[in-house]
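Visitor: Structure file work-v3.cif (mmCIF, C-alpha atoms, pLDDT in the B column; chains and numbers go by the auth columns) right here:
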data_coords
#
loop_
_atom_site.group_PDB
_atom_site.id
_atom_site.type_symbol
_atom_site.label_atom_id
_atom_site.label_comp_id
_atom_site.label_asym_id
_atom_site.label_seq_id
_atom_site.Cartn_x
_atom_site.Cartn_y
_atom_site.Cartn_z
_atom_site.B_iso_or_equiv
_atom_site.auth_seq_id
_atom_site.auth_asym_id
ATOM 1 C CA MET A 1 200.604 26.702 2.014 84.00 1 R
ATOM 2 C CA ILE A 2 203.215 24.938 4.134 88.00 2 R
ATOM 3 C CA THR A 3 206.842 24.420 3.183 91.00 3 R
ATOM 4 C CA LEU A 4 208.587 21.124 3.825 92.00 4 R
ATOM 5 C CA ARG A 5 212.383 21.338 4.067 94.00 5 R
ATOM 6 C CA PHE A 6 214.593 18.337 3.349 95.00 6 R
ATOM 7 C CA ARG A 7 218.124 18.930 4.559 93.00 7 R
ATOM 8 C CA GLY A 8 221.098 17.029 3.158 92.00 8 R
ATOM 9 C CA PHE A 9 224.860 17.506 3.159 86.00 9 R
ATOM 10 C CA THR A 10 227.592 18.781 0.927 85.00 10 R
ATOM 11 C CA ILE A 11 230.282 16.081 0.850 80.00 11 R
ATOM 12 C CA GLY A 12 233.491 16.769 -1.046 75.00 12 R
ATOM 13 C CA LYS A 13 231.780 19.798 -2.653 81.00 13 R
ATOM 14 C CA ARG A 14 228.951 17.582 -3.884 87.00 14 R
ATOM 15 C CA PRO A 15 225.341 18.272 -2.812 93.00 15 R
ATOM 16 C CA ILE A 16 223.885 15.106 -1.336 92.00 16 R
ATOM 17 C CA ILE A 17 220.369 14.283 -0.153 94.00 17 R
ATOM 18 C CA GLN A 18 219.240 11.166 1.707 95.00 18 R
ATOM 19 C CA VAL A 19 216.337 9.208 0.258 96.00 19 R
ATOM 20 C CA PHE A 20 214.644 5.980 1.354 96.00 20 R
ATOM 21 C CA PHE A 21 214.469 3.868 -1.803 97.00 21 R
ATOM 22 C CA GLU A 22 211.824 1.127 -1.935 96.00 22 R
ATOM 23 C CA ILE A 23 210.782 -1.484 -4.454 96.00 23 R
ATOM 24 C CA PRO A 24 207.592 -2.781 -2.807 96.00 24 R
ATOM 25 C CA ALA A 25 207.035 -5.584 -5.344 95.00 25 R
ATOM 26 C CA LEU A 26 210.434 -7.076 -4.453 93.00 26 R
ATOM 27 C CA LYS A 27 210.186 -6.177 -0.733 93.00 27 R
ATOM 28 C CA ILE A 28 213.510 -4.374 -1.059 93.00 28 R
ATOM 29 C CA SER A 29 214.422 -1.066 0.547 93.00 29 R
ATOM 30 C CA LYS A 30 217.549 0.886 1.387 93.00 30 R
ATOM 31 C CA MET A 31 218.649 4.381 2.320 95.00 31 R
ATOM 32 C CA ILE A 32 220.614 5.941 -0.511 95.00 32 R
ATOM 33 C CA ASN A 33 222.666 9.114 -0.758 94.00 33 R
ATOM 34 C CA PHE A 34 221.817 10.878 -4.023 96.00 34 R
ATOM 35 C CA LEU A 35 223.774 13.598 -5.767 95.00 35 R
ATOM 36 C CA VAL A 36 221.457 16.538 -6.467 95.00 36 R
ATOM 37 C CA ASP A 37 222.154 16.762 -10.193 94.00 37 R
ATOM 38 C CA THR A 38 220.277 19.477 -12.065 92.00 38 R
ATOM 39 C CA GLY A 39 222.270 18.574 -15.183 90.00 39 R
ATOM 40 C CA SER A 40 220.725 15.146 -15.407 90.00 40 R
ATOM 41 C CA ILE A 41 217.278 14.580 -16.926 90.00 41 R
ATOM 42 C CA PHE A 42 216.756 11.208 -15.256 91.00 42 R
ATOM 43 C CA SER A 43 217.446 9.855 -11.795 95.00 43 R
ATOM 44 C CA ALA A 44 219.562 6.730 -11.426 95.00 44 R
ATOM 45 C CA ILE A 45 221.222 4.459 -8.924 96.00 45 R
ATOM 46 C CA THR A 46 224.529 2.710 -9.445 93.00 46 R
ATOM 47 C CA GLU A 47 225.245 -0.973 -9.856 92.00 47 R
ATOM 48 C CA LYS A 48 226.922 -0.895 -6.434 92.00 48 R
ATOM 49 C CA GLU A 49 223.733 0.304 -4.740 93.00 49 R
ATOM 50 C CA ALA A 50 221.647 -2.297 -6.582 94.00 50 R
ATOM 51 C CA MET A 51 224.088 -5.001 -5.472 92.00 51 R
ATOM 52 C CA LEU A 52 223.791 -3.866 -1.853 92.00 52 R
ATOM 53 C CA MET A 53 220.022 -4.273 -2.131 92.00 53 R
ATOM 54 C CA GLY A 54 220.541 -7.815 -3.396 91.00 54 R
ATOM 55 C CA ILE A 55 219.525 -7.062 -6.989 92.00 55 R
ATOM 56 C CA ASP A 56 221.217 -9.147 -9.672 90.00 56 R
ATOM 57 C CA CYS A 57 221.739 -6.509 -12.387 89.00 57 R
ATOM 58 C CA SER A 58 222.262 -9.137 -15.088 87.00 58 R
ATOM 59 C CA MET A 59 218.580 -10.079 -14.642 90.00 59 R
ATOM 60 C CA LEU A 60 217.305 -6.530 -15.209 90.00 60 R
ATOM 61 C CA PRO A 61 216.055 -5.472 -18.658 89.00 61 R
ATOM 62 C CA ASP A 62 218.114 -3.027 -20.709 86.00 62 R
ATOM 63 C CA SER A 63 217.073 0.609 -20.519 80.00 63 R
ATOM 64 C CA LYS A 64 215.494 1.967 -23.687 75.00 64 R
ATOM 65 C CA VAL A 65 217.014 5.351 -22.948 70.00 65 R
ATOM 66 C CA GLU A 66 220.453 5.893 -24.476 65.00 66 R
ATOM 67 C CA THR A 67 222.748 7.234 -21.775 68.00 67 R
ATOM 68 C CA ILE A 68 225.640 9.578 -22.292 62.00 68 R
ATOM 69 C CA GLY A 69 227.916 11.434 -19.884 61.00 69 R
ATOM 70 C CA PHE A 70 231.112 13.395 -20.361 55.00 70 R
ATOM 71 C CA GLY A 71 232.963 10.070 -20.342 56.00 71 R
ATOM 72 C CA GLY A 72 230.931 8.812 -23.273 59.00 72 R
ATOM 73 C CA PHE A 73 228.156 6.272 -23.560 61.00 73 R
ATOM 74 C CA PHE A 74 227.582 3.785 -20.786 71.00 74 R
ATOM 75 C CA LYS A 75 225.306 0.854 -20.224 80.00 75 R
ATOM 76 C CA THR A 76 222.127 1.143 -18.220 88.00 76 R
ATOM 77 C CA LYS A 77 219.406 -1.217 -17.074 91.00 77 R
ATOM 78 C CA ILE A 78 216.032 -0.459 -15.558 93.00 78 R
ATOM 79 C CA ILE A 79 214.161 -1.633 -12.491 95.00 79 R
ATOM 80 C CA ASN A 80 210.905 -2.597 -14.182 92.00 80 R
ATOM 81 C CA LYS A 81 208.849 -2.374 -10.976 94.00 81 R
ATOM 82 C CA PRO A 82 207.442 0.749 -9.317 96.00 82 R
ATOM 83 C CA VAL A 83 209.868 2.476 -6.989 97.00 83 R
ATOM 84 C CA ILE A 84 208.950 4.744 -4.070 97.00 84 R
ATOM 85 C CA LEU A 85 211.319 7.518 -3.028 97.00 85 R
ATOM 86 C CA THR A 86 210.700 8.811 0.505 97.00 86 R
ATOM 87 C CA PHE A 87 212.160 12.102 1.709 96.00 87 R
ATOM 88 C CA ARG A 88 212.119 13.087 5.390 95.00 88 R
ATOM 89 C CA SER A 89 211.750 16.733 6.298 94.00 89 R
ATOM 90 C CA GLU A 90 213.541 18.574 9.108 92.00 90 R
ATOM 91 C CA LYS A 91 210.381 18.200 11.191 92.00 91 R
ATOM 92 C CA GLY A 92 210.065 14.491 10.501 92.00 92 R
ATOM 93 C CA GLU A 93 207.307 14.629 7.867 92.00 93 R
ATOM 94 C CA GLU A 94 207.619 12.156 5.033 94.00 94 R
ATOM 95 C CA TYR A 95 207.115 12.994 1.373 94.00 95 R
ATOM 96 C CA LYS A 96 206.830 10.128 -1.096 95.00 96 R
ATOM 97 C CA ILE A 97 207.345 10.117 -4.840 95.00 97 R
ATOM 98 C CA ARG A 98 206.106 7.113 -6.783 95.00 98 R
ATOM 99 C CA TYR A 99 208.342 6.371 -9.751 92.00 99 R
ATOM 100 C CA SER A 100 206.715 3.974 -12.193 90.00 100 R
ATOM 101 C CA SER A 101 208.510 4.647 -15.448 82.00 101 R
ATOM 102 C CA GLY A 102 211.482 2.350 -14.814 90.00 102 R
ATOM 103 C CA PHE A 103 214.243 3.516 -12.484 94.00 103 R
ATOM 104 C CA ILE A 104 217.644 3.534 -14.191 93.00 104 R
ATOM 105 C CA VAL A 105 220.607 1.505 -12.910 94.00 105 R
ATOM 106 C CA ILE A 106 224.050 2.641 -14.146 91.00 106 R
ATOM 107 C CA LEU A 107 226.439 -0.209 -14.942 90.00 107 R
ATOM 108 C CA ALA A 108 230.188 -0.091 -15.398 85.00 108 R
ATOM 109 C CA PRO A 109 231.094 -0.473 -19.095 83.00 109 R
ATOM 110 C CA PRO A 110 232.085 -4.097 -19.802 81.00 110 R
ATOM 111 C CA ASN A 111 235.415 -3.234 -21.462 83.00 111 R
ATOM 112 C CA LEU A 112 236.997 -1.671 -18.345 84.00 112 R
ATOM 113 C CA SER A 113 239.999 -3.184 -16.567 87.00 113 R
ATOM 114 C CA SER A 114 239.216 -4.502 -13.081 85.00 114 R
ATOM 115 C CA GLU A 115 241.005 -1.519 -11.515 84.00 115 R
ATOM 116 C CA ASP A 116 239.029 0.982 -13.596 85.00 116 R
ATOM 117 C CA ARG A 117 235.812 -0.892 -12.888 85.00 117 R
ATOM 118 C CA GLU A 118 236.415 -0.479 -9.134 86.00 118 R
ATOM 119 C CA ARG A 119 237.004 3.236 -9.604 84.00 119 R
ATOM 120 C CA PHE A 120 233.994 3.655 -11.893 85.00 120 R
ATOM 121 C CA LEU A 121 231.684 1.969 -9.400 87.00 121 R
ATOM 122 C CA GLY A 122 233.294 3.811 -6.496 87.00 122 R
ATOM 123 C CA LEU A 123 233.200 7.289 -7.929 85.00 123 R
ATOM 124 C CA THR A 124 229.957 7.256 -9.904 89.00 124 R
ATOM 125 C CA PRO A 125 227.206 8.703 -7.703 91.00 125 R
ATOM 126 C CA ASN A 126 223.534 7.890 -7.504 95.00 126 R
ATOM 127 C CA VAL A 127 221.857 10.870 -9.122 95.00 127 R
ATOM 128 C CA LEU A 128 218.609 12.648 -8.442 96.00 128 R
ATOM 129 C CA GLY A 129 217.808 14.239 -11.773 94.00 129 R
ATOM 130 C CA MET A 130 215.306 16.779 -12.981 95.00 130 R
ATOM 131 C CA ASP A 131 212.549 14.166 -13.293 94.00 131 R
ATOM 132 C CA VAL A 132 212.381 14.407 -9.485 95.00 132 R
ATOM 133 C CA LEU A 133 214.036 17.752 -8.718 95.00 133 R
ATOM 134 C CA THR A 134 211.486 19.881 -10.609 95.00 134 R
ATOM 135 C CA LYS A 135 209.125 19.370 -7.659 93.00 135 R
ATOM 136 C CA PHE A 136 211.503 21.241 -5.338 95.00 136 R
ATOM 137 C CA LYS A 137 213.230 24.548 -4.807 94.00 137 R
ATOM 138 C CA ILE A 138 216.933 23.829 -4.300 94.00 138 R
ATOM 139 C CA HIS A 139 219.383 25.637 -2.009 94.00 139 R
ATOM 140 C CA ILE A 140 223.035 24.601 -1.897 92.00 140 R
ATOM 141 C CA ASP A 141 225.938 26.077 0.080 88.00 141 R
ATOM 142 C CA LYS A 142 229.323 24.910 1.322 84.00 142 R
ATOM 143 C CA HIS A 143 227.946 22.643 4.051 82.00 143 R
ATOM 144 C CA THR A 144 224.321 21.909 3.376 86.00 144 R
ATOM 145 C CA THR A 145 221.869 21.025 0.655 90.00 145 R
ATOM 146 C CA VAL A 146 218.200 21.863 1.155 93.00 146 R
ATOM 147 C CA LEU A 147 215.260 20.852 -1.004 94.00 147 R
ATOM 148 C CA GLU A 148 212.059 22.796 -0.353 92.00 148 R
ATOM 149 C CA LEU A 149 208.578 21.725 -1.250 92.00 149 R
ATOM 150 C CA ALA A 150 205.512 23.946 -0.999 88.00 150 R
ATOM 151 C CA GLN A 151 202.394 21.969 -0.208 78.00 151 R
ATOM 152 C CA LYS A 152 198.786 22.968 0.247 77.00 152 R
ATOM 153 C CA LYS A 153 197.726 22.705 3.865 72.00 153 R
ATOM 154 C CA ARG A 154 195.304 19.844 4.356 66.00 154 R
ATOM 155 C CA LYS A 155 191.959 20.821 5.860 64.00 155 R
ATOM 156 C CA ARG A 156 191.108 18.952 9.013 62.00 156 R
ATOM 157 C CA LYS A 157 187.821 17.086 8.963 61.00 157 R
ATOM 158 C CA VAL A 158 185.543 18.063 11.852 58.00 158 R
ATOM 159 C CA MET B 1 213.186 -1.425 11.870 77.00 1 O
ATOM 160 C CA GLU B 2 211.065 1.775 11.724 88.00 2 O
ATOM 161 C CA LYS B 3 211.659 4.074 8.770 87.00 3 O
ATOM 162 C CA GLN B 4 212.298 7.061 11.057 89.00 4 O
ATOM 163 C CA GLN B 5 215.002 5.067 12.848 92.00 5 O
ATOM 164 C CA ILE B 6 216.558 4.100 9.509 94.00 6 O
ATOM 165 C CA PHE B 7 216.687 7.790 8.512 94.00 7 O
ATOM 166 C CA ASP B 8 218.349 8.676 11.843 94.00 8 O
ATOM 167 C CA ILE B 9 220.989 5.945 11.577 94.00 9 O
ATOM 168 C CA TRP B 10 221.765 6.903 7.984 93.00 10 O
ATOM 169 C CA LYS B 11 222.020 10.599 8.799 92.00 11 O
ATOM 170 C CA GLU B 12 224.428 9.917 11.689 94.00 12 O
ATOM 171 C CA ASN B 13 226.654 7.678 9.562 94.00 13 O
ATOM 172 C CA THR B 14 226.650 10.113 6.629 92.00 14 O
ATOM 173 C CA GLU B 15 227.485 13.058 8.885 91.00 15 O
ATOM 174 C CA TRP B 16 230.278 11.061 10.521 94.00 16 O
ATOM 175 C CA PHE B 17 231.633 10.064 7.111 92.00 17 O
ATOM 176 C CA ARG B 18 231.551 13.703 5.947 88.00 18 O
ATOM 177 C CA LYS B 19 233.349 14.979 9.049 90.00 19 O
ATOM 178 C CA ASN B 20 236.086 12.348 8.835 93.00 20 O
ATOM 179 C CA TYR B 21 236.444 12.264 5.063 89.00 21 O
ATOM 180 C CA GLU B 22 239.891 13.937 5.005 89.00 22 O
ATOM 181 C CA ARG B 23 241.262 11.463 7.566 93.00 23 O
ATOM 182 C CA PHE B 24 239.819 8.532 5.628 94.00 24 O
ATOM 183 C CA LYS B 25 241.485 9.744 2.429 91.00 25 O
ATOM 184 C CA ARG B 26 244.874 9.406 4.140 93.00 26 O
ATOM 185 C CA LYS B 27 244.158 6.040 5.719 94.00 27 O
ATOM 186 C CA TYR B 28 241.961 4.225 3.171 95.00 28 O
ATOM 187 C CA ASP B 29 243.081 5.574 -0.177 92.00 29 O
ATOM 188 C CA ASN B 30 241.587 3.602 -3.115 90.00 30 O
ATOM 189 C CA LYS B 31 239.678 1.342 -0.760 93.00 31 O
ATOM 190 C CA TRP B 32 236.054 0.491 -0.130 95.00 32 O
ATOM 191 C CA ILE B 33 234.979 1.069 3.450 96.00 33 O
ATOM 192 C CA LEU B 34 231.988 -0.350 5.272 97.00 34 O
ATOM 193 C CA ILE B 35 230.567 1.948 7.956 97.00 35 O
ATOM 194 C CA ARG B 36 228.272 0.796 10.741 96.00 36 O
ATOM 195 C CA ASN B 37 227.380 2.691 13.939 95.00 37 O
ATOM 196 C CA LYS B 38 229.873 5.458 13.067 95.00 38 O
ATOM 197 C CA LYS B 39 232.744 2.947 12.876 96.00 39 O
ATOM 198 C CA ILE B 40 234.640 1.425 9.981 96.00 40 O
ATOM 199 C CA VAL B 41 234.077 -2.297 10.271 96.00 41 O
ATOM 200 C CA ALA B 42 235.856 -3.284 7.045 96.00 42 O
ATOM 201 C CA ALA B 43 238.146 -1.800 4.405 96.00 43 O
ATOM 202 C CA GLU B 44 238.869 -3.676 1.183 95.00 44 O
ATOM 203 C CA SER B 45 240.423 -2.923 -2.195 91.00 45 O
ATOM 204 C CA ASN B 46 237.953 -5.155 -3.955 90.00 46 O
ATOM 205 C CA LEU B 47 234.228 -4.415 -4.309 90.00 47 O
ATOM 206 C CA SER B 48 233.144 -8.048 -4.446 90.00 48 O
ATOM 207 C CA ARG B 49 235.009 -8.687 -1.175 94.00 49 O
ATOM 208 C CA ILE B 50 233.311 -5.763 0.599 94.00 50 O
ATOM 209 C CA MET B 51 229.949 -6.934 -0.808 93.00 51 O
ATOM 210 C CA GLU B 52 230.524 -10.360 0.758 94.00 52 O
ATOM 211 C CA ILE B 53 231.151 -8.685 4.120 95.00 53 O
ATOM 212 C CA ALA B 54 228.135 -6.376 3.640 94.00 54 O
ATOM 213 C CA LYS B 55 225.834 -9.415 3.333 92.00 55 O
ATOM 214 C CA ARG B 56 226.363 -10.065 7.063 94.00 56 O
ATOM 215 C CA TYR B 57 224.588 -6.831 7.963 93.00 57 O
ATOM 216 C CA ASN B 58 221.188 -5.225 7.548 91.00 58 O
ATOM 217 C CA PRO B 59 221.627 -2.972 4.454 89.00 59 O
ATOM 218 C CA ASN B 60 219.818 -0.158 6.283 89.00 60 O
ATOM 219 C CA GLU B 61 222.442 -0.124 9.037 92.00 61 O
ATOM 220 C CA ILE B 62 225.510 0.156 6.825 94.00 62 O
ATOM 221 C CA MET B 63 227.114 2.449 4.291 94.00 63 O
ATOM 222 C CA VAL B 64 229.616 1.291 1.677 94.00 64 O
ATOM 223 C CA GLU B 65 231.772 4.062 0.265 92.00 65 O
ATOM 224 C CA TYR B 66 234.836 4.295 -1.960 92.00 66 O
ATOM 225 C CA VAL B 67 237.663 6.553 -0.803 91.00 67 O
ATOM 226 C CA GLN B 68 240.117 8.218 -3.146 86.00 68 O
ATOM 227 C CA SER B 69 242.604 10.899 -2.141 80.00 69 O
ATOM 228 C CA LYS B 70 243.584 11.852 -5.684 75.00 70 O
ATOM 229 C CA LYS B 71 241.469 14.731 -6.888 74.00 71 O
ATOM 230 C CA ILE B 72 239.363 13.889 -9.866 70.00 72 O
ATOM 231 C CA ALA B 73 237.356 16.207 -12.073 65.00 73 O
ATOM 232 C CA MET B 74 233.823 14.915 -12.353 62.00 74 O
ATOM 233 C CA PHE B 75 231.281 16.066 -14.898 60.00 75 O
ATOM 234 C CA PHE B 76 227.816 14.625 -15.073 58.00 76 O
#
Translate this file's structure into structure tokens.

Guide:
Amino acid sequence: MITLRFRGFTIGKRPIIQVFFEIPALKISKMINFLVDTGSIFSAITEKEAMLMGIDCSMLPDSKVETIGFGGFFKTKIINKPVILTFRSEKGEEYKIRYSSGFIVILAPPNLSSEDRERFLGLTPNVLGMDVLTKFKIHIDKHTTVLELAQKKRKRKV
Amino acid sequence: MEKQQIFDIWKENTEWFRKNYERFKRKYDNKWILIRNKKIVAAESNLSRIMEIAKRYNPNEIMVEYVQSKKIAMFF
């Protein structure tokens, strides 16, 4: 077995990991900082991140999953195309996760004032939830976040 | 742009943002900042304005972050 280590940061006491986010069908890709969130079942990106990728969120279908946080219910959409998440290890190896079940996009609730909408979009993180995190062992301290993945060593063909 | 290069650029910008976060909180409170090549190229109070500026750049070369000095309790 070999262990791949993916090292992130802890920013403002929040564990963050960098992921290359791709939607091959739309030829869209972008690096995204994700909060390592073991309290979340699903992974999600924010409306802000979708906008930066050039996605018009009003065109996305509604998510069938009801979404609730400590602030109450909020609106979500889904990217109804397969998404590929690529992690890069300390040694430069890439590990890809194909996500085909509809990646969630978190939208600001429509009834917010413009000031609160700015804050909502600014402070809500992209989250890497347990749908992805169960593949890894997670280590977090004051400065770093490390995801570890044990993989079987591939046999070389002779 | 190669994916490895994109990872390197992103890591450098994120690390730079993390190291300077306290300074940014004093200077850019309640603002959106656009980071490119470890420099702040724009700071705006309005997201749609910073998005307009962001369109000028390759999305893999920039970071857009919101800065707030006031401590906020976050629960997810």

Visitor: Just want the 7 Å neighbourhood of range 28-37 of chain O, counted on all atoms listed in the file, with same-chain residues fewer than 6 positions away dropped. Output as a list in words.

Guide: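 Near neighbours after the sequence-gap exclusion: Asn13, Ala43, Glu44, Ser45, Leu47, Ile50, Glu61, Ile62, Met63, Val64, Glu65, Tyr66, Val67, Gln68 and Ser69 of chain O.
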
Visitor: Can you work out the spacing between CA of Tyr57 in chain O and CA of Gly54 in chain R in Å, to one decimal?

Guide: 12.1 Å

Visitor: One decimal, in Å: what's the spacing between CA of Phe17 in chain O and CA of Lys30 in chain R?

Guide: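 If I compute the distance from CA of Phe17 in chain O to CA of Lys30 in chain R, I get 17.8 Å.
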
Visitor: Any chance you could resolve the PyMOL selection byres ((chain R and resi 144) around 8) against this file and give the residues as number ranges by chain?

Guide: R: 7-10, 15, 140-143, 145-146

Visitor: Produce a file of the selected residues containing C-alpha atoms, as a PDB file, in the frame of the given file.

Guide:
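See selection_0.pdb below for the written result:
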ATOM      1  CA  ARG R   7     218.124  18.930   4.559  1.00 93.00           C
ATOM      2  CA  GLY R   8     221.098  17.029   3.158  1.00 92.00           C
ATOM      3  CA  PHE R   9     224.860  17.506   3.159  1.00 86.00           C
ATOM      4  CA  THR R  10     227.592  18.781   0.927  1.00 85.00           C
ATOM      5  CA  PRO R  15     225.341  18.272  -2.812  1.00 93.00           C
ATOM      6  CA  ILE R 140     223.035  24.601  -1.897  1.00 92.00           C
ATOM      7  CA  ASP R 141     225.938  26.077   0.080  1.00 88.00           C
ATOM      8  CA  LYS R 142     229.323  24.910   1.322  1.00 84.00           C
ATOM      9  CA  HIS R 143     227.946  22.643   4.051  1.00 82.00           C
ATOM     10  CA  THR R 145     221.869  21.025   0.655  1.00 90.00           C
ATOM     11  CA  VAL R 146     218.200  21.863   1.155  1.00 93.00           C
TER      12      VAL R 146
END

Visitor: May I ask for the distance between CA of Val127 in chain R and CA of Asp37 in chain R, given in Å to one decimal place?

Guide: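 Taking CA of Val127 in chain R as the start and CA of Asp37 in chain R as the end point, the length is 6.0 Å.
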
Visitor: Evaluated on this file, the PyMOL selection byres ((chain R and resi 32) around 6) picks out some residues - which ones are they, written as an mmCIF file with C-alpha atoms, in the frame of the given file?

Guide:
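selection_37.cif written:
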data_model
loop_
_atom_site.group_PDB
_atom_site.id
_atom_site.type_symbol
_atom_site.label_atom_id
_atom_site.label_comp_id
_atom_site.auth_asym_id
_atom_site.auth_seq_id
_atom_site.Cartn_x
_atom_site.Cartn_y
_atom_site.Cartn_z
ATOM 1 C CA GLN R 18 219.240 11.166 1.707
ATOM 2 C CA VAL R 19 216.337 9.208 0.258
ATOM 3 C CA MET R 31 218.649 4.381 2.320
ATOM 4 C CA ASN R 33 222.666 9.114 -0.758
#

Visitor: Can you translate the PyMOL selection byres ((chain O) within 7 of (chain R)) into the concrete residues it hits in this file, as a list of chain:residue names?

Guide: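 Applying the expression gives O:Trp10, O:Arg18, O:Leu47, O:Met51, O:Pro59, O:Asn60, O:Glu65, O:Tyr66, O:Phe75, O:Phe76.
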
Visitor: Could you save those same residues with C-alpha atoms as a PDB file, in the frame of the given file?

Guide:
ATOM      1  CA  TRP O  10     221.765   6.903   7.984  1.00 93.00           C
ATOM      2  CA  ARG O  18     231.551  13.703   5.947  1.00 88.00           C
ATOM      3  CA  LEU O  47     234.228  -4.415  -4.309  1.00 90.00           C
ATOM      4  CA  MET O  51     229.949  -6.934  -0.808  1.00 93.00           C
ATOM      5  CA  PRO O  59     221.627  -2.972   4.454  1.00 89.00           C
ATOM      6  CA  ASN O  60     219.818  -0.158   6.283  1.00 89.00           C
ATOM      7  CA  GLU O  65     231.772   4.062   0.265  1.00 92.00           C
ATOM      8  CA  TYR O  66     234.836   4.295  -1.960  1.00 92.00           C
ATOM      9  CA  PHE O  75     231.281  16.066 -14.898  1.00 60.00           C
ATOM     10  CA  PHE O  76     227.816  14.625 -15.073  1.00 58.00           C
TER      11      PHE O  76
END

Visitor: Around all of range 9-17 of chain O's listed atoms, make the axis-aligned box with 4 Å on each side and tell me centre and edge lengths in Å to one decimal, as JSON.

Guide:
{"center_x": 226.3, "center_y": 9.5, "center_z": 9.2, "size_x": 18.6, "size_y": 15.1, "size_z": 13.1}

Visitor: Go through O:Asn46, O:Val41, O:Asn58, O:Ile53 one by one, measure the shortest atom-to-atom distance of each to Met1 in chain O using all atoms listed in the file, and give the residue with the smallest value.

Guide: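 Ranking O:Asn46, O:Val41, O:Asn58, O:Ile53 by distance to Met1 in chain O, first place goes to O:Asn58.
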
Visitor: Need to verify the contact set: Met1 in chain R, 7 Å, only C-alpha atoms, exclusion of same-chain residues closer than 3 positions in sequence. Can you return it as a list in words?

Guide: Ala150, Gln151, Lys152 and Lys153 of chain R

Visitor: Closest to Glu15 in chain O among O:Lys27, O:Lys3, O:Glu52, O:Lys38, using all atoms listed in the file?

Guide: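 Closest candidate: O:Lys38.
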
Visitor: Could you complete range 106-122 of chain R so that it carries N, CA and C atoms, and give it back as a short mmCIF file (atom, residue, chain, number, x, y, z; two decimals), in the coordinates of the input?

Guide:
data_model
loop_
_atom_site.label_atom_id
_atom_site.label_comp_id
_atom_site.auth_asym_id
_atom_site.auth_seq_id
_atom_site.Cartn_x
_atom_site.Cartn_y
_atom_site.Cartn_z
N ILE R 106 222.84 2.39 -13.34
CA ILE R 106 224.05 2.64 -14.15
C ILE R 106 225.04 1.50 -13.94
N LEU R 107 225.47 0.89 -15.03
CA LEU R 107 226.44 -0.21 -14.94
C LEU R 107 227.80 0.25 -15.43
N ALA R 108 228.84 -0.38 -14.89
CA ALA R 108 230.19 -0.09 -15.40
C ALA R 108 230.29 -0.65 -16.82
N PRO R 109 230.94 0.07 -17.74
CA PRO R 109 231.09 -0.47 -19.10
C PRO R 109 231.87 -1.80 -19.05
N PRO R 110 231.48 -2.77 -19.89
CA PRO R 110 232.08 -4.10 -19.80
C PRO R 110 233.56 -4.16 -20.20
N ASN R 111 234.04 -3.17 -20.96
CA ASN R 111 235.42 -3.23 -21.46
C ASN R 111 236.45 -2.65 -20.50
N LEU R 112 236.06 -2.28 -19.29
CA LEU R 112 237.00 -1.67 -18.34
C LEU R 112 237.90 -2.72 -17.70
N SER R 113 239.12 -2.31 -17.34
CA SER R 113 240.00 -3.18 -16.57
C SER R 113 239.40 -3.31 -15.17
N SER R 114 239.82 -4.31 -14.41
CA SER R 114 239.22 -4.50 -13.08
C SER R 114 239.48 -3.30 -12.18
N GLU R 115 240.67 -2.69 -12.34
CA GLU R 115 241.00 -1.52 -11.52
C GLU R 115 240.09 -0.33 -11.87
N ASP R 116 239.90 -0.13 -13.16
CA ASP R 116 239.03 0.98 -13.60
C ASP R 116 237.56 0.73 -13.25
N ARG R 117 237.18 -0.55 -13.27
CA ARG R 117 235.81 -0.89 -12.89
C ARG R 117 235.56 -0.52 -11.42
N GLU R 118 236.54 -0.83 -10.56
CA GLU R 118 236.42 -0.48 -9.13
C GLU R 118 236.23 1.04 -8.99
N ARG R 119 237.05 1.77 -9.71
CA ARG R 119 237.00 3.24 -9.60
C ARG R 119 235.69 3.78 -10.18
N PHE R 120 235.26 3.21 -11.29
CA PHE R 120 233.99 3.66 -11.89
C PHE R 120 232.85 3.47 -10.90
N LEU R 121 232.78 2.26 -10.33
CA LEU R 121 231.68 1.97 -9.40
C LEU R 121 231.82 2.78 -8.11
N GLY R 122 233.07 3.06 -7.73
CA GLY R 122 233.29 3.81 -6.50
C GLY R 122 233.00 5.29 -6.63
#
